[in-house]
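Text of the file structure_4.txt, holding compact mmCIF, C-alpha atoms:
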```txt
# COMPACT_ATOMS: atom_id res chain seq x y z
CA MET R 1 -41.61 -9.24 -8.89
CA THR R 2 -43.66 -9.65 -5.68
CA THR R 3 -42.81 -12.77 -3.72
CA SER R 4 -44.68 -14.25 -0.79
CA SER R 5 -41.92 -13.25 1.63
CA THR R 6 -41.81 -9.58 0.58
CA PRO R 7 -43.28 -7.59 3.47
CA VAL R 8 -46.41 -5.68 2.58
CA VAL R 9 -46.87 -2.33 4.30
CA SER R 10 -50.10 -2.07 6.25
CA ALA R 11 -52.36 0.79 5.19
CA ARG R 12 -54.21 1.18 8.46
CA GLY R 13 -53.19 4.81 8.70
CA PRO R 14 -50.31 5.10 11.18
CA ALA R 15 -48.43 8.38 11.56
CA ASP R 16 -46.55 9.50 8.44
CA HIS R 17 -43.09 8.79 9.82
CA THR R 18 -44.16 5.21 10.48
CA ILE R 19 -45.32 4.79 6.92
CA ARG R 20 -41.98 6.24 5.78
CA ASP R 21 -40.21 3.68 7.96
CA GLN R 22 -42.33 0.88 6.58
CA ILE R 23 -41.58 1.91 3.01
CA VAL R 24 -37.87 1.97 3.87
CA VAL R 25 -38.00 -1.49 5.45
CA ALA R 26 -39.88 -2.96 2.49
CA ALA R 27 -37.63 -1.18 -0.03
CA THR R 28 -34.49 -2.42 1.75
CA GLU R 29 -35.78 -5.98 1.48
CA HIS R 30 -36.75 -5.46 -2.16
CA PHE R 31 -33.55 -3.71 -3.30
CA SER R 32 -31.34 -6.23 -1.53
CA ARG R 33 -33.08 -8.97 -3.47
CA TYR R 34 -33.51 -7.40 -6.91
CA GLY R 35 -30.86 -4.68 -6.89
CA TYR R 36 -31.20 -0.93 -6.61
CA GLU R 37 -30.17 0.15 -10.09
CA LYS R 38 -32.56 -2.14 -11.89
CA THR R 39 -35.64 -1.45 -9.74
CA THR R 40 -38.04 1.39 -10.58
CA VAL R 41 -40.44 3.10 -8.16
CA SER R 42 -43.25 1.27 -10.03
CA ASP R 43 -41.65 -2.13 -9.33
CA LEU R 44 -41.23 -1.15 -5.73
CA ALA R 45 -44.82 0.11 -5.37
CA LYS R 46 -46.15 -3.12 -6.84
CA ALA R 47 -44.01 -5.22 -4.51
CA ILE R 48 -45.04 -3.23 -1.42
CA GLY R 49 -48.69 -3.10 -2.41
CA PHE R 50 -48.97 0.71 -2.61
CA SER R 51 -49.66 2.93 -5.58
CA LYS R 52 -46.70 4.74 -7.06
CA ALA R 53 -48.43 8.06 -6.27
CA TYR R 54 -48.72 7.09 -2.60
CA ILE R 55 -45.00 6.34 -2.36
CA TYR R 56 -44.25 9.71 -3.97
CA LYS R 57 -46.22 11.34 -1.14
CA PHE R 58 -43.47 10.20 1.22
CA PHE R 59 -40.34 10.18 -0.96
CA GLU R 60 -39.67 12.49 -3.88
CA SER R 61 -37.61 9.91 -5.79
CA LYS R 62 -36.07 6.46 -5.73
CA GLN R 63 -32.83 8.12 -4.68
CA ALA R 64 -34.54 9.62 -1.62
CA ILE R 65 -35.50 6.09 -0.52
CA GLY R 66 -31.98 4.86 -1.39
CA GLU R 67 -30.49 7.72 0.65
CA MET R 68 -32.48 6.62 3.71
CA ILE R 69 -31.45 2.96 3.32
CA CYS R 70 -27.85 3.93 2.69
CA SER R 71 -27.83 6.22 5.67
CA ASN R 72 -29.22 3.44 7.92
CA CYS R 73 -26.60 1.03 6.63
CA LEU R 74 -23.70 3.46 7.10
CA GLN R 75 -24.94 4.34 10.59
CA GLU R 76 -24.89 0.66 11.47
CA ILE R 77 -21.27 0.38 10.30
CA GLU R 78 -20.46 3.48 12.33
CA ARG R 79 -22.06 2.04 15.47
CA GLU R 80 -20.12 -1.18 15.11
CA VAL R 81 -16.85 0.67 14.53
CA ARG R 82 -17.43 3.00 17.48
CA ALA R 83 -18.23 0.02 19.72
CA ALA R 84 -14.98 -1.64 18.63
CA ILE R 85 -13.03 1.55 19.39
CA ASP R 86 -14.71 1.96 22.78
CA GLY R 87 -13.85 -1.64 23.63
CA ALA R 88 -10.15 -0.74 23.86
CA ASP R 89 -8.43 1.47 26.44
CA HIS R 90 -5.30 2.60 24.67
CA PRO R 91 -5.16 4.68 21.46
CA PRO R 92 -2.89 2.24 19.55
CA GLU R 93 -5.30 -0.63 20.25
CA LYS R 94 -8.26 1.62 19.40
CA LEU R 95 -6.72 2.26 16.00
CA ARG R 96 -6.10 -1.43 15.36
CA ARG R 97 -9.68 -2.28 16.29
CA MET R 98 -11.06 0.53 14.17
CA PHE R 99 -9.30 -0.77 11.05
CA LYS R 100 -10.44 -4.32 11.74
CA ALA R 101 -14.05 -3.41 12.48
CA ILE R 102 -14.45 -1.07 9.53
CA VAL R 103 -13.33 -3.73 7.06
CA GLU R 104 -15.46 -6.47 8.62
CA SER R 105 -18.62 -4.37 8.93
CA SER R 106 -18.29 -2.96 5.42
CA LEU R 107 -17.77 -6.38 3.87
CA ARG R 108 -20.73 -7.81 5.76
CA LEU R 109 -23.19 -4.99 5.11
CA PHE R 110 -22.28 -4.17 1.53
CA PHE R 111 -21.62 -7.64 0.19
CA ARG R 112 -22.92 -10.44 2.37
CA ASP R 113 -25.93 -9.93 4.63
CA ARG R 114 -28.04 -7.52 2.75
CA LYS R 115 -26.36 -7.19 -0.61
CA LEU R 116 -26.69 -3.44 -0.36
CA TYR R 117 -23.59 -2.91 -2.45
CA ASP R 118 -25.67 -1.58 -5.32
CA ILE R 119 -27.04 1.29 -3.24
CA ALA R 120 -23.73 2.00 -1.55
CA ALA R 121 -22.03 2.13 -4.95
CA SER R 122 -24.54 4.67 -6.26
CA ALA R 123 -24.11 6.69 -3.08
CA ALA R 124 -20.33 6.70 -3.47
CA THR R 125 -20.35 7.39 -7.22
CA GLU R 126 -22.86 10.22 -7.01
CA ARG R 127 -21.48 11.44 -3.70
CA TRP R 128 -24.81 11.37 -1.88
CA LEU R 129 -25.06 13.30 1.37
CA SER R 130 -25.15 10.02 3.36
CA ALA R 131 -21.84 8.93 1.83
CA ARG R 132 -20.19 12.30 2.45
CA THR R 133 -21.43 12.35 6.05
CA TYR R 134 -20.10 8.85 6.65
CA GLU R 135 -16.71 9.80 5.18
CA SER R 136 -16.45 12.79 7.47
CA HIS R 137 -17.43 10.67 10.49
CA VAL R 138 -14.70 8.15 9.65
CA LYS R 139 -12.24 11.03 9.56
CA ASP R 140 -13.58 12.25 12.93
CA MET R 141 -12.99 8.84 14.47
CA ILE R 142 -9.42 8.82 13.17
CA ARG R 143 -8.86 12.36 14.46
CA ASP R 144 -10.18 11.45 17.93
CA ILE R 145 -7.86 8.46 18.22
CA VAL R 146 -4.82 10.42 17.02
CA GLN R 147 -5.58 13.26 19.43
CA GLN R 148 -6.03 10.89 22.35
CA GLY R 149 -2.75 9.16 21.47
CA ARG R 150 -0.98 12.52 21.39
CA GLN R 151 -2.34 13.32 24.84
CA THR R 152 -1.30 9.97 26.32
CA GLY R 153 2.13 10.27 24.72
CA ASP R 154 1.62 7.14 22.62
CA PHE R 155 1.83 9.13 19.37
CA GLU R 156 4.23 11.76 18.01
CA ARG R 157 3.11 15.41 17.93
CA LYS R 158 5.34 16.92 15.25
CA THR R 159 3.16 16.22 12.19
CA PRO R 160 0.26 18.69 11.79
CA LEU R 161 -2.87 16.89 13.01
CA ASP R 162 -4.83 17.42 9.78
CA GLU R 163 -1.98 16.08 7.68
CA ALA R 164 -1.75 12.91 9.79
CA VAL R 165 -5.52 12.38 9.76
CA THR R 166 -5.91 12.93 6.01
CA ALA R 167 -3.12 10.48 5.22
CA ILE R 168 -4.48 7.80 7.57
CA HIS R 169 -7.90 8.23 5.97
CA LEU R 170 -6.35 7.70 2.53
CA VAL R 171 -4.73 4.49 3.81
CA VAL R 172 -8.03 3.05 5.04
CA ARG R 173 -10.14 4.31 2.12
CA PRO R 174 -9.81 1.15 -0.07
CA TYR R 175 -11.73 -0.64 2.70
CA THR R 176 -14.35 1.98 3.54
CA ASP R 177 -15.37 3.06 0.05
CA PRO R 178 -17.53 0.30 -1.44
CA LEU R 179 -16.29 1.05 -4.97
CA LEU R 180 -12.74 0.27 -3.91
CA LEU R 181 -13.68 -2.47 -1.46
CA GLN R 182 -15.10 -4.62 -4.26
CA HIS R 183 -11.56 -4.76 -5.71
CA SER R 184 -9.88 -5.29 -2.34
CA PHE R 185 -11.29 -8.68 -1.34
CA ASP R 186 -7.97 -10.45 -1.84
CA SER R 187 -6.27 -8.34 0.78
CA ALA R 188 -9.29 -7.71 3.05
CA GLN R 189 -8.37 -10.48 5.48
CA GLU R 190 -4.85 -9.36 6.24
CA ALA R 191 -4.83 -5.69 5.28
CA PRO R 192 -6.34 -4.28 8.51
CA ALA R 193 -3.52 -5.69 10.65
CA GLN R 194 -0.79 -4.84 8.14
CA LEU R 195 -2.01 -1.31 7.52
CA SER R 196 -2.75 -0.46 11.14
CA SER R 197 0.77 -1.63 12.07
CA LEU R 198 2.24 0.61 9.39
CA VAL R 199 0.10 3.54 10.53
CA LEU R 200 1.11 2.95 14.17
CA ARG R 201 4.78 2.95 13.15
CA SER R 202 4.12 6.28 11.40
CA LEU R 203 2.60 7.65 14.63
CA SER R 204 5.33 6.48 16.99
CA PRO R 205 6.95 9.34 18.93
CA MET I 206 -14.77 0.39 -38.25
CA THR I 207 -11.65 1.09 -40.37
CA THR I 208 -10.67 4.74 -40.47
CA SER I 209 -8.13 6.42 -42.67
CA SER I 210 -5.73 6.89 -39.77
CA THR I 211 -5.79 3.26 -38.64
CA PRO I 212 -2.41 1.81 -39.58
CA VAL I 213 -2.59 -1.05 -42.03
CA VAL I 214 -0.03 -3.80 -41.57
CA SER I 215 2.14 -4.34 -44.62
CA ALA I 216 2.01 -7.88 -45.99
CA ARG I 217 5.37 -7.81 -47.74
CA GLY I 218 6.53 -10.82 -45.76
CA PRO I 219 8.83 -9.56 -42.98
CA ALA I 220 10.02 -11.91 -40.27
CA ASP I 221 7.24 -13.30 -38.06
CA HIS I 222 8.20 -11.26 -35.01
CA THR I 223 7.88 -8.10 -37.09
CA ILE I 224 4.38 -9.07 -38.17
CA ARG I 225 3.53 -9.77 -34.54
CA ASP I 226 4.82 -6.32 -33.64
CA GLN I 227 2.82 -4.75 -36.43
CA ILE I 228 -0.36 -6.49 -35.29
CA VAL I 229 0.29 -5.26 -31.76
CA VAL I 230 0.83 -1.67 -32.92
CA ALA I 231 -2.32 -1.70 -35.03
CA ALA I 232 -4.35 -3.41 -32.28
CA THR I 233 -3.15 -0.89 -29.68
CA GLU I 234 -4.35 1.93 -31.91
CA HIS I 235 -7.64 0.15 -32.57
CA PHE I 236 -8.40 -0.88 -28.98
CA SER I 237 -7.53 2.55 -27.63
CA ARG I 238 -10.06 4.03 -30.03
CA TYR I 239 -12.90 1.48 -29.88
CA GLY I 240 -12.26 -0.28 -26.57
CA TYR I 241 -10.90 -3.73 -25.83
CA GLU I 242 -13.99 -5.43 -24.42
CA LYS I 243 -16.23 -4.50 -27.33
CA THR I 244 -13.83 -5.39 -30.13
CA THR I 245 -13.69 -8.90 -31.60
CA VAL I 246 -10.78 -10.45 -33.49
CA SER I 247 -12.92 -10.11 -36.64
CA ASP I 248 -13.31 -6.34 -36.10
CA LEU I 249 -9.61 -6.10 -35.53
CA ALA I 250 -8.73 -8.14 -38.63
CA LYS I 251 -10.99 -5.99 -40.76
CA ALA I 252 -9.45 -2.79 -39.39
CA ILE I 253 -5.90 -4.01 -39.93
CA GLY I 254 -6.61 -5.44 -43.35
CA PHE I 255 -5.73 -9.06 -42.52
CA SER I 256 -7.89 -12.15 -42.46
CA LYS I 257 -8.94 -13.42 -39.07
CA ALA I 258 -7.17 -16.71 -39.79
CA TYR I 259 -3.92 -14.86 -40.48
CA ILE I 260 -4.07 -13.07 -37.12
CA TYR I 261 -4.70 -16.40 -35.41
CA LYS I 262 -1.43 -17.64 -36.93
CA PHE I 263 0.36 -15.14 -34.70
CA PHE I 264 -1.88 -14.87 -31.63
CA GLU I 265 -4.06 -17.62 -30.24
CA SER I 266 -6.72 -15.22 -28.92
CA LYS I 267 -7.72 -11.62 -28.44
CA GLN I 268 -6.39 -11.91 -24.89
CA ALA I 269 -2.97 -12.90 -26.21
CA ILE I 270 -2.86 -9.62 -28.16
CA GLY I 271 -4.21 -7.77 -25.12
CA GLU I 272 -1.53 -9.37 -22.94
CA MET I 273 1.17 -8.05 -25.26
CA ILE I 274 -0.28 -4.53 -25.32
CA CYS I 275 -0.77 -4.57 -21.56
CA SER I 276 2.71 -5.81 -20.98
CA ASN I 277 4.16 -3.03 -23.19
CA CYS I 278 2.10 -0.45 -21.32
CA LEU I 279 3.10 -1.72 -17.87
CA GLN I 280 6.75 -1.89 -18.92
CA GLU I 281 6.55 1.74 -19.97
CA ILE I 282 5.18 2.70 -16.53
CA GLU I 283 7.95 0.66 -14.93
CA ARG I 284 10.62 2.41 -16.98
CA GLU I 285 9.28 5.82 -16.02
CA VAL I 286 9.09 4.89 -12.35
CA ARG I 287 12.60 3.42 -12.33
CA ALA I 288 13.93 6.56 -14.03
CA ALA I 289 12.26 8.68 -11.34
CA ILE I 290 13.78 6.54 -8.58
CA ASP I 291 17.23 6.65 -10.18
CA GLY I 292 16.99 10.44 -10.41
CA ALA I 293 17.26 10.72 -6.61
CA ASP I 294 20.27 9.92 -4.41
CA HIS I 295 18.72 9.26 -1.03
CA PRO I 296 16.23 6.48 -0.21
CA PRO I 297 13.58 8.80 1.33
CA GLU I 298 13.58 10.96 -1.81
CA LYS I 299 13.56 7.82 -4.00
CA LEU I 300 10.40 6.69 -2.23
CA ARG I 301 8.70 10.07 -2.68
CA ARG I 302 9.56 10.09 -6.39
CA MET I 303 8.38 6.52 -6.81
CA PHE I 304 4.93 7.33 -5.42
CA LYS I 305 4.64 10.46 -7.54
CA ALA I 306 5.82 8.81 -10.77
CA ILE I 307 3.67 5.72 -10.38
CA VAL I 308 0.49 7.76 -10.00
CA GLU I 309 1.33 10.13 -12.85
CA SER I 310 2.38 7.41 -15.30
CA SER I 311 -0.60 5.21 -14.48
CA LEU I 312 -3.06 8.05 -14.91
CA ARG I 313 -1.52 9.05 -18.20
CA LEU I 314 -1.22 5.60 -19.74
CA PHE I 315 -4.48 4.10 -18.51
CA PHE I 316 -6.76 7.09 -18.82
CA ARG I 317 -5.40 9.91 -20.93
CA ASP I 318 -2.96 9.28 -23.75
CA ARG I 319 -3.96 5.92 -25.03
CA LYS I 320 -7.16 5.11 -23.17
CA LEU I 321 -5.86 1.63 -22.45
CA TYR I 322 -7.87 1.42 -19.27
CA ASP I 323 -10.14 -1.19 -20.80
CA ILE I 324 -7.26 -3.63 -21.37
CA ALA I 325 -5.61 -2.86 -18.04
CA ALA I 326 -8.92 -3.47 -16.27
CA SER I 327 -9.33 -6.87 -17.91
CA ALA I 328 -5.73 -7.69 -17.03
CA ALA I 329 -6.29 -6.75 -13.39
CA THR I 330 -9.69 -8.47 -13.09
CA GLU I 331 -8.56 -11.70 -14.70
CA ARG I 332 -5.10 -11.49 -13.13
CA TRP I 333 -3.22 -11.84 -16.40
CA LEU I 334 0.45 -12.75 -16.20
CA SER I 335 1.43 -9.21 -17.29
CA ALA I 336 -0.52 -7.71 -14.36
CA ARG I 337 0.96 -10.15 -11.84
CA THR I 338 4.47 -9.53 -13.15
CA TYR I 339 3.99 -5.78 -12.87
CA GLU I 340 2.69 -6.09 -9.31
CA SER I 341 5.70 -8.12 -8.28
CA HIS I 342 8.04 -5.59 -9.92
CA VAL I 343 6.40 -2.76 -8.00
CA LYS I 344 7.01 -4.72 -4.81
CA ASP I 345 10.64 -5.27 -5.85
CA MET I 346 11.12 -1.53 -6.32
CA ILE I 347 9.67 -0.87 -2.86
CA ARG I 348 11.90 -3.60 -1.35
CA ASP I 349 15.02 -2.14 -2.99
CA ILE I 350 14.34 1.33 -1.62
CA VAL I 351 13.58 0.05 1.90
CA GLN I 352 16.73 -2.09 1.90
CA GLN I 353 18.88 0.81 0.71
CA GLY I 354 17.39 3.04 3.39
CA ARG I 355 18.15 0.46 6.05
CA GLN I 356 21.76 0.33 4.85
CA THR I 357 22.19 4.11 4.85
CA GLY I 358 20.54 4.35 8.27
CA ASP I 359 17.68 6.49 6.95
CA PHE I 360 15.11 3.78 7.83
CA GLU I 361 14.42 1.65 10.92
CA ARG I 362 15.44 -2.01 10.88
CA LYS I 363 13.17 -3.56 13.53
CA THR I 364 10.17 -4.39 11.33
CA PRO I 365 10.64 -7.57 9.28
CA LEU I 366 11.47 -6.46 5.72
CA ASP I 367 8.62 -8.42 4.11
CA GLU I 368 6.07 -6.98 6.51
CA ALA I 369 7.19 -3.42 5.77
CA VAL I 370 7.22 -4.00 2.01
CA THR I 371 3.79 -5.68 1.91
CA ALA I 372 2.19 -2.88 3.91
CA ILE I 373 3.75 -0.14 1.76
CA HIS I 374 2.54 -1.95 -1.34
CA LEU I 375 -1.00 -2.01 0.09
CA VAL I 376 -0.76 1.75 0.69
CA VAL I 377 0.19 2.49 -2.90
CA ARG I 378 -2.14 -0.10 -4.49
CA PRO I 379 -5.14 2.27 -5.00
CA TYR I 380 -2.90 4.17 -7.44
CA THR I 381 -1.21 1.26 -9.24
CA ASP I 382 -4.20 -1.02 -9.79
CA PRO I 383 -6.30 0.48 -12.61
CA LEU I 384 -9.54 -0.86 -11.08
CA LEU I 385 -8.92 1.17 -7.93
CA LEU I 386 -7.31 4.10 -9.70
CA GLN I 387 -10.52 4.88 -11.58
CA HIS I 388 -12.12 5.60 -8.18
CA SER I 389 -9.12 7.50 -6.83
CA PHE I 390 -9.06 10.50 -9.18
CA ASP I 391 -10.21 12.92 -6.47
CA SER I 392 -7.19 12.19 -4.34
CA ALA I 393 -4.68 11.41 -7.13
CA GLN I 394 -3.20 14.90 -7.11
CA GLU I 395 -2.32 15.08 -3.45
CA ALA I 396 -2.21 11.45 -2.36
CA PRO I 397 1.36 10.66 -3.51
CA ALA I 398 2.86 13.36 -1.27
CA GLN I 399 0.55 12.63 1.67
CA LEU I 400 1.02 8.88 1.53
CA SER I 401 4.76 8.92 0.94
CA SER I 402 5.13 11.25 3.95
CA LEU I 403 3.12 8.84 6.09
CA VAL I 404 5.16 5.89 4.85
CA LEU I 405 8.42 7.76 5.53
CA ARG I 406 7.25 8.50 9.09
CA SER I 407 6.55 4.76 9.46
CA LEU I 408 10.10 4.01 8.29
CA SER I 409 11.90 6.51 10.49
CA PRO I 410 14.46 4.91 12.80
```

Please, can you express the file's structure as structure tokens?
Amino acid sequence: MTTSSTPVVSARGPADHTIRDQIVVAATEHFSRYGYEKTTVSDLAKAIGFSKAYIYKFFESKQAIGEMICSNCLQEIEREVRAAIDGADHPPEKLRRMFKAIVESSLRLFFRDRKLYDIAASAATERWLSARTYESHVKDMIRDIVQQGRQTGDFERKTPLDEAVTAIHLVVRPYTDPLLLQHSFDSAQEAPAQLSSLVLRSLSP
Amino acid sequence: MTTSSTPVVSARGPADHTIRDQIVVAATEHFSRYGYEKTTVSDLAKAIGFSKAYIYKFFESKQAIGEMICSNCLQEIEREVRAAIDGADHPPEKLRRMFKAIVESSLRLFFRDRKLYDIAASAATERWLSARTYESHVKDMIRDIVQQGRQTGDFERKTPLDEAVTAIHLVVRPYTDPLLLQHSFDSAQEAPAQLSSLVLRSLSP
């Protein structure tokens, strides 16, 4: 399965965390080409040019490598979404941009650029820590925007905060969860605007 | 694959539509036990006790039988949802009941009682006519409720009707589309109440 363009990790003895990083980089490249589910640690070791035993010195399982890749990928989505939110001054516009950015980043990272859907799907199905952390961060971003909007007077304050946040998270979930996103392509172009408008109407004082 | 409880279609020469119905009943039973994807028309013929050629006299393909089963199933959900809507007097309560009934009926018919998920998933993936018809009927039900609520003064009238209806349909879609519903079990208990409350806040005048 090794191809000439697959990066080979150097074995010149850098610090352990660097070797871990190198394994993650090479595994990301490999999984995105051959898929996560179908690849074994042996395949991966062969492609990287390490022994299987050496890889196991750094990661206890394929899932541990997958967790690291998934976590990197979800953190990248988070950064992009936070940048989009920070680019707006007013809470209603922050919410619109959040919905737009989350759909665009998720589509790009899970399905186009790196084809990491396979890993993200395992993470979501098996509820890996990285997936649960991401979900709670998405909720935090929603909560922050709603709270800010309540302070500025843009949003109503009658509905209990948790209730509003949970419901908004349910609305956006088909576009943040990769398992649902794969069945939401048809609406992915227009849904962010339509759904954020509906949510903003629900938040109006 | 024939079992003693699989109904065998009588060949005493009833009208064609009755034979069609009998094939559909027997196929529903068979598919719900052995799955739609994995079953061939030959398997089905054997189980029913007909020749394959005889079945082809009534249905041009396995999908044509699947379409009929799917259509029956979706019509049953529709009936249950319409009954739930009709059981309430006021548009806001109609909307709440619609959300609740659609989730409950879909869960029951696709996943529990008859295990028809397999057929519903094919219908949704391949966008069979039965699935598209159902989707447009769900939208019609939403439109009717929103229009009634605008007439009674329960709902706002500023948002273009189509925009409101499309967005509400997107909100409920994770619970009406079987492909999404299979990944929405965790929230299926509480989502109808949470989402219908959010939608009602979005509709408030």

Between R:Gln22, R:Ser197, R:Ser71, R:Ser202, which is the closest to Glu156 of chain R once you count all atoms listed in the file?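 Closest to Glu156 of chain R, using all atoms listed in the file: R:Ser202.
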
Distance query Ala369 of chain I at most 10 Å, only C-alpha atoms, self and fewer than 6 positions along chain excluded, as a PyMOL selection string: (chain R and resi 194-195+197-198) or (chain I and resi 347-348+351+362-363+404+407-408)

Separation of atom CA of Arg302 of chain I from atom CA of Gln353 of chain I in Å: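 Computed distance, atom CA of Gln353 of chain I to atom CA of Arg302 of chain I, equals 14.9 Å.
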
Expected answer as an NGL selection string: chain R residues within 9 Å of chain I, all atoms listed in the file: :R and (125 or 163-164 or 166-168 or 170-174 or 179-181 or 183-184 or 187 or 191 or 194-195 or 197-204)

With only C-alpha atoms as the basis for distance, which of R:Val81, R:Ile69, R:Ala131, R:Val41 is at the shortest distance from Arg96 of chain R? R:Val81

List the spatial neighbours of Leu312 of chain I as a list of chain:residue names - criterion: any atom at most 10 Å away, all atoms listed in the file, same-chain residues fewer than 4 positions off excluded. I:Ile282, I:Ala306, I:Ile307, I:Val308, I:Phe316, I:Arg317, I:Asp318, I:Lys320, I:Tyr322, I:Tyr380, I:Thr381, I:Pro383, I:Leu386, I:Gln387, I:Phe390, I:Ala393

Rank nothing, just name the residue among I:Asp221, I:Asp367, I:Asp359, I:Asp345 nearest to Arg287 of chain I, using only C-alpha atoms.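 Smallest separation from Arg287 of chain I among the options: I:Asp345.
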
Straight-line distance linking atom CA of Leu161 of chain R with atom CA of Asp144 of chain R, stated in Å to one decimal: 10.4 Å

All heavy atoms modelled onto segment 295-301 of chain I, as a compact mmCIF listing (two decimals), in the coordinates of the input:
```txt
# COMPACT_ATOMS: atom_id res chain seq x y z
N HIS I 295 19.00 9.80 -2.36
CA HIS I 295 18.72 9.26 -1.03
C HIS I 295 17.42 8.47 -1.00
O HIS I 295 16.42 8.88 -1.60
CB HIS I 295 18.69 10.39 -0.02
CG HIS I 295 19.96 11.19 -0.03
ND1 HIS I 295 21.16 10.65 0.34
CD2 HIS I 295 20.20 12.46 -0.43
CE1 HIS I 295 22.12 11.57 0.20
NE2 HIS I 295 21.56 12.68 -0.28
N PRO I 296 17.41 7.34 -0.27
CA PRO I 296 16.23 6.48 -0.21
C PRO I 296 14.91 7.21 0.11
O PRO I 296 13.91 6.92 -0.54
CB PRO I 296 16.61 5.45 0.85
CG PRO I 296 18.10 5.35 0.74
CD PRO I 296 18.56 6.74 0.45
N PRO I 297 14.87 8.15 1.07
CA PRO I 297 13.58 8.80 1.33
C PRO I 297 13.07 9.55 0.08
O PRO I 297 11.89 9.47 -0.26
CB PRO I 297 13.89 9.79 2.46
CG PRO I 297 15.08 9.19 3.16
CD PRO I 297 15.89 8.57 2.06
N GLU I 298 13.98 10.23 -0.61
CA GLU I 298 13.58 10.96 -1.81
C GLU I 298 13.21 9.98 -2.93
O GLU I 298 12.29 10.23 -3.73
CB GLU I 298 14.70 11.90 -2.25
CG GLU I 298 14.36 12.84 -3.40
CD GLU I 298 13.14 13.72 -3.17
OE1 GLU I 298 12.79 13.97 -1.99
OE2 GLU I 298 12.50 14.14 -4.17
N LYS I 299 13.90 8.84 -3.00
CA LYS I 299 13.56 7.82 -4.00
C LYS I 299 12.11 7.36 -3.78
O LYS I 299 11.34 7.19 -4.73
CB LYS I 299 14.50 6.59 -3.87
CG LYS I 299 15.87 6.80 -4.51
CD LYS I 299 16.75 5.56 -4.27
CE LYS I 299 18.18 5.78 -4.73
NZ LYS I 299 18.35 5.78 -6.20
N LEU I 300 11.75 7.16 -2.52
CA LEU I 300 10.40 6.69 -2.23
C LEU I 300 9.35 7.75 -2.62
O LEU I 300 8.33 7.44 -3.24
CB LEU I 300 10.25 6.33 -0.75
CG LEU I 300 8.92 5.62 -0.47
CD1 LEU I 300 9.16 4.19 0.00
CD2 LEU I 300 8.09 6.37 0.55
N ARG I 301 9.62 8.99 -2.28
CA ARG I 301 8.70 10.07 -2.68
C ARG I 301 8.51 10.11 -4.20
O ARG I 301 7.41 10.23 -4.70
CB ARG I 301 9.26 11.44 -2.27
CG ARG I 301 9.10 11.76 -0.82
CD ARG I 301 9.43 13.23 -0.54
NE ARG I 301 9.57 13.44 0.88
CZ ARG I 301 8.55 13.47 1.75
NH1 ARG I 301 7.32 13.35 1.31
NH2 ARG I 301 8.77 13.65 3.03
```
